[in-house]
Amino acid sequence: MAAASVKVAVRVRPFNSREIGKDSKCIIQMSGNTTTIINPKQAKDSKSFNFDYSYWSHTSPEDVNFASQMRVFKDIGEEMLLHAFEGYNVCIFAYGQTGAGKSYTMMGKQDVKDQQGIIPLLCEDLFTKIIDNTDNSMSYSVEVSYMEIYCERVRDLLNPKNKGNLRVREHPLMGPYVEDLSKLAVTSYNDIQDLMDSGNKARTVAATNMNETSSRSHAVFNIIFTQKRQDAETDNTSEKVSKISLVDLAGSERADSTGAKGTRLKEGANINKSLTTLGKVISALAEVDSGPNKNKKKKKVESFIPYRDSVLTWLLRENLGGNSRTAMVAALSPADINYDETLSTLRYADRAKQIRCNAVINEDPNNRLVRELKEEVSRLKDLLYAQGLGDIIEMTNAMTGMSPSPSLSALSSRAGSIASLHDRIMFSPGSEEAIERLKETEKIIAELNETWEEKLRRTEAIRMEREALLAEMGVAMREDGGTVGVFSPKKTPHLVNLNEDPLMSECLLYYIKDGITRVGRLDASSRQDIVLSGHFIKDEHCTFTSSTGPTGETVVLEPCEGAETYVNGKRVTEPTVLISGNRIILGKSHVFRFNHPVQARAERERTPCAEAPAEPVDWAFAQRELLDKQGIDMKQEMEQRLQELEDQYRKEREEANNLLEQQRLDYESKLEALQKQVDRYYPETLEEEEEPEEEVQWTERERELAVWSFRKWRCYQFTSLRDLLWGNAIFLKEANAISVELKKKVQFQFVLLTDTLYSPLPPDLLPAEASKDREKRHFPRTIVAVEVQDQKNGATHYWTLEKLRQRLDLMREMYDRAADVPNNTTEDCENVMTGGDPFYDRFPWFRLVGRAFVYLSNLLYPVPLVHRVAIVSEKGEVKGFLRVAVQAISADEEAPDYGSGVRQSGTAKISFEDQQYEKFQSESCSVGLSRTGISQEELRIVEGEGQSAEMGPSADEVNNNTCAAGADEPENPLKAGLEGALDAALEHLRIGNVFTFRVTVLQASSISAEYADIFCQFNFIHRHDEAFSTEPLKNTGRGPPLGFYHVQNIAVEVTKSFVDYIKTQPIVFEVFGHYQKQPFLPLCKDVISPLRPCRRQFPRVMPLSKPVPATKLTAMTRPQAGPCHCKYDLMVFFEICELEANGDYIPAVVDHRGGMPCHGTFLLHQGLQRRITVTIVHESGGDMDWKEVRELVVGRLRNTPESDETIIDPNILSLNILSAGYVRPMHDDSISLGVDHRTFYRFEAAWDSSMHNSLLLNRVTPYGEKIYMTLSAYLEMENCTQPAVITKDICMVFYSRDTKLSASRSIRNLFGTGSLRAADGNRITGVYEVSLCHLADAGSPGMQRRRRRVLDTSVAYVRGEENLAGWRPRSDSLILDHQWELEKLSLLQDVEKTKHYLLLREKLESTLLMGQECLQSCVTEELSESPQPPEGDQDVGSGSEITTERQRELAAKCLRLLTHSFNREYSHVCVSASESKISEMSVTMLRDSTSISALNTITPSSTCPSLVEGCYSNAELRPPAPRSRAVSPGPETQQDAEAKKAVNGASDTKLRARKYVPDIQEIRVSPIVSKKGYIHFLEPHTNGWVKRYVVVRRPYVYIYNTERDTVERAILNLSLAQVEYSEDQQAMLKTPNTFAVCTEHRGILLQATNDKEMHDWLYAFNPLLAGTIRSKLSRRRAGQMRM
């Protein structure tokens, strides 16, 4: 391929008559190949252009520089004609404005000899060269076509019939062409001249102002020049085809210059369109081929060449930028009046110079290759001749042409010549390579010159050779030659292989040819007909001789010497005649069957009825035959081999046992040596262990405490339940995965079930040993089960873990065979609910809605009661309400008329046997299911909670509804009187009488519409077999309540157990309904399990992060924590200070718009130095002593609140601690809490955010985005084994350095008075709880149990897990949620019991007559809260002493309250409470005995139970003597603590030597506000009241200075505080609406604005206390009204 630029020539013509008439001046100058144009308006403005040729034809021929037509042809035409003879495409076209001389240059004047143009001269010279050719092997042919492009339409100028327009089409190979364009063959120049004349006459010309014979169309004259060469040596014909395109373009023109109008104007428009497109093509091609744009890929995409925009450019596509040698002649006008057109033409010509065409010789590639190879051969021969090795070429040709069988003399002479050839080559450098190249080239030429017939003959020979080779290998081909395989011939004897694998048998076939067929190895000395390999095969193994005798063709096998050859199992050494069907074994492994088709056919004809052999003749048959003939017993050999293997195994086992024994002895000796070393270092420990342990004598109280503690410890089941969840999670996950893949619409999830009143365990879920273990178990049984949600049928089942494993085995079997079962069968299987499908169980028509309990205490008096009890599900959810009436009746009393629909049942007789009831009571008490109520502490299953020794009163003690005098209590006259009155009221329940009462089920309401048919059944709690049922009713969920109106009379013979039952036990009501199918949540979602029962629906808050790992501290393993020594509440202030212009660090602005405590966003500036300040505030105590700050680290930078703590953070930065120490509180922080003795510890560190190298910190935060960072401070404390860690998540937003940020952007502060300083709110608060625990005892069973590690199988992969889409089995959260469910059930039961007794008391008060005051007072006192007798009440000798003692006790209590509330620092305040005031209070209390009773009733012992710990009602789980106060979190009372502190005051140093394990946990702020508002605090400085803003978010109280204060100033922990209220307290202080909050460190007196506000605050602080106060006040008002 030759790449060459377009040849460009410019030619200027003389003035025409029009220009002479206008006295035009010449503006064109030429010097060599440089053409210069002068601007007529500015003479100094000239432009020069360089071209390949510049022709000056402006003057006459006499001028020396005049360029004639012949000169133009010599320069351009002859060169292009030469390229045409070389085989290239050639194109010459003229370009310029109209009348510039284009047609004259291209066509000229044919009638004038010296003025002929390029086209006629080129045609004439073409035929001259053809005629002058003397090479006989060359032949030429010439074809011409002539067309014009007029108004974008193509016309044929040589065919007069083609007057219409011709279509221009494009061929994939030939490119654009004109369809039906005539190509006329010519043989001489005269033929071309005639055609040219006729074509010129047909051209469209017209006269314009600028040219009288202006060409109005583009003329294209094509010459197709073909050269054929006949090669005499190879008899091949090669040809080269050249296309010569000679183009005469129409001139570009201006309408005003040419004066064109009408048709001429339209023609000019089309001419200008095509020429404009031509200009665009030239510019685009020049842009592509310009230097800077080469090798730029994107320019190739942008450089689009608009060929198709014009017919002219489309047809000239190959000539302009493709396969062509192209020349362009630009015709110029010299006149100044045509300056613009001439300059434009020069610019076009200058652009055309940059176009490069890639021209190739148009010949057959094969012929071109042959031609090039021949040239290479001739060059190599010339090279060898030049080196004097010409005779070597001749000798090589002679050796190549020698006959195949030369004589001996010829061979010798040939060998000698070859030897001399090698010698000569060795001394000729490069000649050997030239000879090799010469041979290689000649070989390629021979292959290319090979004819098709020769190739077919060579292919056939190769096929024959391949068939022969396959036949030698035993593979035959059919006659069609297309199928390869084993095909038994009809006549030829042959061998067929037999193999141990039946599929490999009879796959090889070896023919036995006439004569001798040799069998042997490939490397034998002579050629073998059948080639075999392997052991025991000789080089020449045997021969098969086929001969034809009188009996037909016979085959004889003759083995060679030493070759193992067997025929039918017998070794042969002599020639043996073979019979068809013989088994032949060659060597050891080659087994054949001999087939002789002719013999077999003859044998079948002789014995047509011969039976087929009983055993097939295969490889196994041949091997058995061989063994039998050789006398080898295979069974004996196998037994012998087996015996050898057993002996070898026994020997190896003995060696292994000996090695293990030796290792065991070595390890024992090492252990003994180590034990001796330990004994040497710790001899006293050994002596202590050797001493016999003496039995410790426990007192009765200590033994009771130990038994209680042991039973309480046994009821903690967290670890065992978690082990079951972790261990069985993989089975649950696999079951769900199989369910999803089989599309069963069943989902599985763990569930915890506890045996309670509301949720008794079904018998099928109890383990087998449950009945035996029931008497030993002192707490409710909690089991792990599997909740199966059947989405297809809307049913829910519970499976045991063992049942899950059994069903899982069946599920796996179903999964394995699921592919073989058709779809319809699978659907049928899904419809089978029993037995067939392991995913489904039979589900009942009715489902349990819930249970309700109705107590029968009103039958003791007897009064009728109508109860409205809650229907509670097993999950603790209230599903509806049930109205039940219970009343005592006479035996013959009829039911009231409830109207139509009342179902009156007969009287049912039930017997209460004492033995059966006592057995039930013992079982229920043994498992902790006291039917009088299950306490929260009994149902607690979480380890480590509820272990505080403070024991508040139970719910029964608060309400005091069922309390009775204990056996060990002293005889009380008041209580004896109550019991006598109660006995008088139980006359109708004498033992032996028949007592009849009526239970009426009235209505059910608020039951969900998902239960269609509702019915109710009830029974005694220990008589499940005797139940009374109502009729089912339709439930729509709307309208009036469901009216059962079922009346049931029950007659009972009164026994002691019956009386005890109606005093303590309820009747169980169970409500059932038909559950309508509801869609479950789809599997494979995060909410696969039902909604988890949660205590509160918390809003989304920032998660609590784990501490950032320290960088300077060594990694320490956290020791196991033992019992908790003490707990403190910490309030920590976090500030980020930025450097101001004056050099001070001031706190950055904090945005508190979230409204939640302990939250806020720091608004920071980009590029400033910062410091982080942390202030720790807590109550002063001897155990809290901060020693130093070990390290402050920040890290986990992110833009989301959640952080992935599993990823190692590379941006952790340890900050430089600048200062640390105790400080005095700021003015706003020293808020008065009684007397403020809080400790403030502050430390400060420098923080350079650029050191993180994080993009989040090094840029301005985008709008709507926040940056989060985790901060961890490692602080060393006195008496602690390791540092304590305070961790806080910080939220930040970065602004530019110059941004002005407001102090606070809170709406609440925006409209405030502005009295609060802005800087006080620029910090964030964190609330923490620090626990100081003793080091754990490593040997306690509880600690060992907690440390046990069970493999968590929930992370193990199972097949199909990816289909579950994030689903996970539940684990620890399930246990915590279930604990809350149990607490709800316990609370609901207490509520129902309390409602019953309140209803009964109200009924008694309204119905009893005024004359029966004795009985009424007894009953009221029986049902009211009776306080425990105080110490000293046992001596009731004189009332005055009791009063005096009570007065002294109350005075001491008030004094203790004052001294406890106000600290020693403000002791002068205590003096203000003078003795006279105390005596006054004593007299007041003495005067009002009612107030004494009220005060005694509302003592803290009954009103301040713990807010987080459960209350005890079961005697089994209650410590023997619970203390009344619950102030201190420790296990001792305040008095004991004070005494102990006084005794141990001197041994303070010994206590400080103890080591504790610190643990600091951040407290998540509750989003639920119980109450907020202003309340007054007693100020110790002035004895006045200070108003503070308080927000109660249980269990904490947050105290602010004002409502607009955004930072918490103090906190109170209600879980460790005691709320006290008494009227005596208010009378003593002479201030109404006051109550006290006592913590371990201080007492605080609070005052509300009015009585309602006080009760609201009390309810927010302690709901139980508020309810008790309201109850007593209402009873007091009712008593006063009756009086």
# chains A, B, ... in the order shown; residues from 1 in each chain; ligands from 1
call {"tool": "residues_around", "arguments": {"residues": "stretch 731-742 of chain A", "least_positions_apart": "3", "cutoff": "6 Å", "atoms": "only C-alpha atoms", "output": "PyMOL selection string"}}
result
chain A and resi 728+747+1358+1360-1361
call {"tool": "residues_around", "arguments": {"residues": "stretch 316-326 of chain A", "least_positions_apart": "6", "cutoff": "8 Å", "atoms": "only C-alpha atoms", "output": "PyMOL selection string"}}
result
chain A and resi 4+6-7+80+83+88-92+176+282+285+307+355-360
call {"tool": "closest_residue", "arguments": {"among": "A:Leu383, A:Leu275, A:Cys151, A:Leu332", "to": "A:Ala9", "atoms": "only C-alpha atoms"}}
result
A:Leu332
call {"tool": "residues_around", "arguments": {"residues": "A:Asn1650", "least_positions_apart": "5", "cutoff": "9 Å", "atoms": "only C-alpha atoms", "output": "list in words"}}
result
Pro1632, Asn1633 and His1655 of chain A
call {"tool": "select_by_dssp", "arguments": {"residues": "stretch 536-685 of chain A", "states": "strand (DSSP E or B)", "output": "PyMOL selection string"}}
result
chain A and resi 540-549+552-559+565-567+570-571+576-577+583-586+590-595
call {"tool": "atom_distance", "arguments": {"atom1": "atom CA of A:Gln749", "atom2": "atom CA of A:Thr800"}}
result
11.7 Å
call {"tool": "residues_around", "arguments": {"residues": "stretch 1144-1153 of chain A", "least_positions_apart": "2", "cutoff": "10 Å", "atoms": "only C-alpha atoms", "output": "PyMOL selection string"}}
result
chain A and resi 1134-1142+1155-1165+1169-1173+1291-1293+1301-1308+1318-1324+1606-1607
call {"tool": "closest_residue", "arguments": {"among": "A:Leu1388, A:Val1189, A:Leu373, A:Leu860", "to": "A:Lys875", "atoms": "only C-alpha atoms"}}
result
A:Leu1388
call {"tool": "decode", "arguments": {"residues": "stretch 698-825 of chain A", "atoms": "C-alpha atoms", "output": "PDB file, in the first residue's frame"}}
result
ATOM      1  CA  TRP A 698     -25.243 -22.487 110.608  1.00  0.00           C
ATOM      2  CA  THR A 699     -27.954 -20.808 112.571  1.00  0.00           C
ATOM      3  CA  GLU A 700     -31.543 -21.315 111.560  1.00  0.00           C
ATOM      4  CA  ARG A 701     -31.674 -17.892 109.922  1.00  0.00           C
ATOM      5  CA  GLU A 702     -28.469 -18.521 107.995  1.00  0.00           C
ATOM      6  CA  ARG A 703     -29.807 -21.843 106.796  1.00  0.00           C
ATOM      7  CA  GLU A 704     -33.043 -20.233 105.640  1.00  0.00           C
ATOM      8  CA  LEU A 705     -31.087 -17.558 103.789  1.00  0.00           C
ATOM      9  CA  ALA A 706     -28.889 -20.194 102.159  1.00  0.00           C
ATOM     10  CA  VAL A 707     -31.901 -22.247 101.031  1.00  0.00           C
ATOM     11  CA  TRP A 708     -33.599 -19.111  99.691  1.00  0.00           C
ATOM     12  CA  SER A 709     -30.451 -18.033  97.865  1.00  0.00           C
ATOM     13  CA  PHE A 710     -29.967 -21.480  96.370  1.00  0.00           C
ATOM     14  CA  ARG A 711     -33.533 -21.598  95.087  1.00  0.00           C
ATOM     15  CA  LYS A 712     -33.217 -18.101  93.703  1.00  0.00           C
ATOM     16  CA  TRP A 713     -29.934 -18.978  91.977  1.00  0.00           C
ATOM     17  CA  ARG A 714     -31.524 -22.028  90.363  1.00  0.00           C
ATOM     18  CA  CYS A 715     -34.248 -19.963  88.720  1.00  0.00           C
ATOM     19  CA  TYR A 716     -31.749 -18.015  86.581  1.00  0.00           C
ATOM     20  CA  GLN A 717     -31.900 -19.724  83.226  1.00  0.00           C
ATOM     21  CA  PHE A 718     -30.375 -17.177  80.877  1.00  0.00           C
ATOM     22  CA  THR A 719     -27.236 -19.142  80.037  1.00  0.00           C
ATOM     23  CA  SER A 720     -28.954 -22.478  79.576  1.00  0.00           C
ATOM     24  CA  LEU A 721     -31.639 -20.952  77.367  1.00  0.00           C
ATOM     25  CA  ARG A 722     -29.045 -19.106  75.309  1.00  0.00           C
ATOM     26  CA  ASP A 723     -27.086 -22.351  74.872  1.00  0.00           C
ATOM     27  CA  LEU A 724     -30.187 -24.024  73.479  1.00  0.00           C
ATOM     28  CA  LEU A 725     -30.832 -21.110  71.119  1.00  0.00           C
ATOM     29  CA  TRP A 726     -27.253 -21.050  69.884  1.00  0.00           C
ATOM     30  CA  GLY A 727     -26.934 -24.803  69.531  1.00  0.00           C
ATOM     31  CA  ASN A 728     -30.157 -25.309  67.563  1.00  0.00           C
ATOM     32  CA  ALA A 729     -30.041 -22.190  65.386  1.00  0.00           C
ATOM     33  CA  ILE A 730     -28.546 -24.105  62.464  1.00  0.00           C
ATOM     34  CA  PHE A 731     -31.492 -26.525  62.403  1.00  0.00           C
ATOM     35  CA  LEU A 732     -33.958 -23.639  62.403  1.00  0.00           C
ATOM     36  CA  LYS A 733     -32.099 -21.904  59.604  1.00  0.00           C
ATOM     37  CA  GLU A 734     -31.986 -25.068  57.484  1.00  0.00           C
ATOM     38  CA  ALA A 735     -35.712 -25.680  57.974  1.00  0.00           C
ATOM     39  CA  ASN A 736     -36.514 -22.139  56.796  1.00  0.00           C
ATOM     40  CA  ALA A 737     -34.204 -22.488  53.796  1.00  0.00           C
ATOM     41  CA  ILE A 738     -35.846 -25.749  52.714  1.00  0.00           C
ATOM     42  CA  SER A 739     -39.300 -24.213  53.234  1.00  0.00           C
ATOM     43  CA  VAL A 740     -38.420 -21.303  50.941  1.00  0.00           C
ATOM     44  CA  GLU A 741     -36.961 -23.514  48.209  1.00  0.00           C
ATOM     45  CA  LEU A 742     -39.931 -25.892  48.275  1.00  0.00           C
ATOM     46  CA  LYS A 743     -42.391 -22.938  48.464  1.00  0.00           C
ATOM     47  CA  LYS A 744     -44.157 -24.359  51.491  1.00  0.00           C
ATOM     48  CA  LYS A 745     -45.209 -20.982  52.944  1.00  0.00           C
ATOM     49  CA  VAL A 746     -44.137 -22.067  56.418  1.00  0.00           C
ATOM     50  CA  GLN A 747     -41.747 -20.108  58.604  1.00  0.00           C
ATOM     51  CA  PHE A 748     -39.961 -21.179  61.750  1.00  0.00           C
ATOM     52  CA  GLN A 749     -38.667 -19.061  64.636  1.00  0.00           C
ATOM     53  CA  PHE A 750     -37.600 -19.658  68.231  1.00  0.00           C
ATOM     54  CA  VAL A 751     -40.057 -18.921  71.008  1.00  0.00           C
ATOM     55  CA  LEU A 752     -39.818 -19.154  74.808  1.00  0.00           C
ATOM     56  CA  LEU A 753     -42.743 -20.648  76.735  1.00  0.00           C
ATOM     57  CA  THR A 754     -43.093 -20.416  80.517  1.00  0.00           C
ATOM     58  CA  ASP A 755     -45.579 -22.350  82.624  1.00  0.00           C
ATOM     59  CA  THR A 756     -47.749 -19.541  84.042  1.00  0.00           C
ATOM     60  CA  LEU A 757     -51.423 -19.105  84.774  1.00  0.00           C
ATOM     61  CA  TYR A 758     -52.002 -17.289  81.503  1.00  0.00           C
ATOM     62  CA  SER A 759     -49.760 -19.613  79.493  1.00  0.00           C
ATOM     63  CA  PRO A 760     -49.703 -23.150  80.889  1.00  0.00           C
ATOM     64  CA  LEU A 761     -47.422 -25.440  78.951  1.00  0.00           C
ATOM     65  CA  PRO A 762     -49.163 -28.087  76.819  1.00  0.00           C
ATOM     66  CA  PRO A 763     -48.323 -31.654  77.848  1.00  0.00           C
ATOM     67  CA  ASP A 764     -46.699 -32.421  74.478  1.00  0.00           C
ATOM     68  CA  LEU A 765     -44.166 -29.640  74.994  1.00  0.00           C
ATOM     69  CA  LEU A 766     -43.089 -30.776  78.453  1.00  0.00           C
ATOM     70  CA  PRO A 767     -40.061 -33.088  78.537  1.00  0.00           C
ATOM     71  CA  ALA A 768     -40.443 -36.622  79.738  1.00  0.00           C
ATOM     72  CA  GLU A 769     -38.808 -35.975  83.115  1.00  0.00           C
ATOM     73  CA  ALA A 770     -41.012 -32.930  83.811  1.00  0.00           C
ATOM     74  CA  SER A 771     -43.363 -34.782  86.141  1.00  0.00           C
ATOM     75  CA  LYS A 772     -40.491 -36.178  88.210  1.00  0.00           C
ATOM     76  CA  ASP A 773     -38.707 -32.851  88.342  1.00  0.00           C
ATOM     77  CA  ARG A 774     -41.876 -30.929  89.155  1.00  0.00           C
ATOM     78  CA  GLU A 775     -41.672 -31.426  92.923  1.00  0.00           C
ATOM     79  CA  LYS A 776     -37.994 -30.429  93.055  1.00  0.00           C
ATOM     80  CA  ARG A 777     -38.389 -27.327  90.890  1.00  0.00           C
ATOM     81  CA  HIS A 778     -39.083 -24.125  92.834  1.00  0.00           C
ATOM     82  CA  PHE A 779     -39.564 -21.828  89.878  1.00  0.00           C
ATOM     83  CA  PRO A 780     -41.664 -21.851  86.703  1.00  0.00           C
ATOM     84  CA  ARG A 781     -40.324 -23.969  83.900  1.00  0.00           C
ATOM     85  CA  THR A 782     -39.237 -22.107  80.764  1.00  0.00           C
ATOM     86  CA  ILE A 783     -38.586 -24.118  77.631  1.00  0.00           C
ATOM     87  CA  VAL A 784     -37.243 -23.278  74.187  1.00  0.00           C
ATOM     88  CA  ALA A 785     -39.742 -24.210  71.480  1.00  0.00           C
ATOM     89  CA  VAL A 786     -40.179 -23.526  67.797  1.00  0.00           C
ATOM     90  CA  GLU A 787     -43.063 -21.373  66.588  1.00  0.00           C
ATOM     91  CA  VAL A 788     -44.313 -22.717  63.257  1.00  0.00           C
ATOM     92  CA  GLN A 789     -46.352 -20.176  61.287  1.00  0.00           C
ATOM     93  CA  ASP A 790     -48.381 -21.901  58.594  1.00  0.00           C
ATOM     94  CA  GLN A 791     -49.067 -19.084  56.125  1.00  0.00           C
ATOM     95  CA  LYS A 792     -51.062 -21.370  53.869  1.00  0.00           C
ATOM     96  CA  ASN A 793     -53.703 -22.190  56.470  1.00  0.00           C
ATOM     97  CA  GLY A 794     -53.251 -19.273  58.881  1.00  0.00           C
ATOM     98  CA  ALA A 795     -52.319 -21.583  61.759  1.00  0.00           C
ATOM     99  CA  THR A 796     -49.584 -21.429  64.386  1.00  0.00           C
ATOM    100  CA  HIS A 797     -48.068 -24.503  66.065  1.00  0.00           C
ATOM    101  CA  TYR A 798     -45.402 -25.037  68.675  1.00  0.00           C
ATOM    102  CA  TRP A 799     -42.800 -27.770  68.268  1.00  0.00           C
ATOM    103  CA  THR A 800     -40.203 -29.018  70.672  1.00  0.00           C
ATOM    104  CA  LEU A 801     -36.577 -28.953  69.571  1.00  0.00           C
ATOM    105  CA  GLU A 802     -36.597 -32.734  69.315  1.00  0.00           C
ATOM    106  CA  LYS A 803     -39.649 -32.623  67.065  1.00  0.00           C
ATOM    107  CA  LEU A 804     -37.916 -30.023  64.887  1.00  0.00           C
ATOM    108  CA  ARG A 805     -34.936 -32.340  64.401  1.00  0.00           C
ATOM    109  CA  GLN A 806     -37.197 -35.276  63.540  1.00  0.00           C
ATOM    110  CA  ARG A 807     -39.192 -33.215  61.073  1.00  0.00           C
ATOM    111  CA  LEU A 808     -35.977 -31.792  59.624  1.00  0.00           C
ATOM    112  CA  ASP A 809     -34.837 -35.286  58.645  1.00  0.00           C
ATOM    113  CA  LEU A 810     -38.117 -35.738  56.760  1.00  0.00           C
ATOM    114  CA  MET A 811     -37.723 -32.287  55.182  1.00  0.00           C
ATOM    115  CA  ARG A 812     -34.279 -33.234  53.885  1.00  0.00           C
ATOM    116  CA  GLU A 813     -35.684 -36.404  52.337  1.00  0.00           C
ATOM    117  CA  MET A 814     -38.477 -34.408  50.706  1.00  0.00           C
ATOM    118  CA  TYR A 815     -35.947 -31.870  49.419  1.00  0.00           C
ATOM    119  CA  ASP A 816     -33.750 -34.598  47.914  1.00  0.00           C
ATOM    120  CA  ARG A 817     -36.612 -36.178  46.017  1.00  0.00           C
ATOM    121  CA  ALA A 818     -38.345 -32.896  45.115  1.00  0.00           C
ATOM    122  CA  ALA A 819     -36.823 -32.937  41.637  1.00  0.00           C
ATOM    123  CA  ASP A 820     -38.374 -36.332  40.865  1.00  0.00           C
ATOM    124  CA  VAL A 821     -41.884 -35.420  42.039  1.00  0.00           C
ATOM    125  CA  PRO A 822     -44.088 -33.694  39.424  1.00  0.00           C
ATOM    126  CA  ASN A 823     -45.713 -30.398  40.260  1.00  0.00           C
ATOM    127  CA  ASN A 824     -49.221 -31.711  40.664  1.00  0.00           C
ATOM    128  CA  THR A 825     -47.998 -34.320  43.111  1.00  0.00           C
TER     129      THR A 825
END
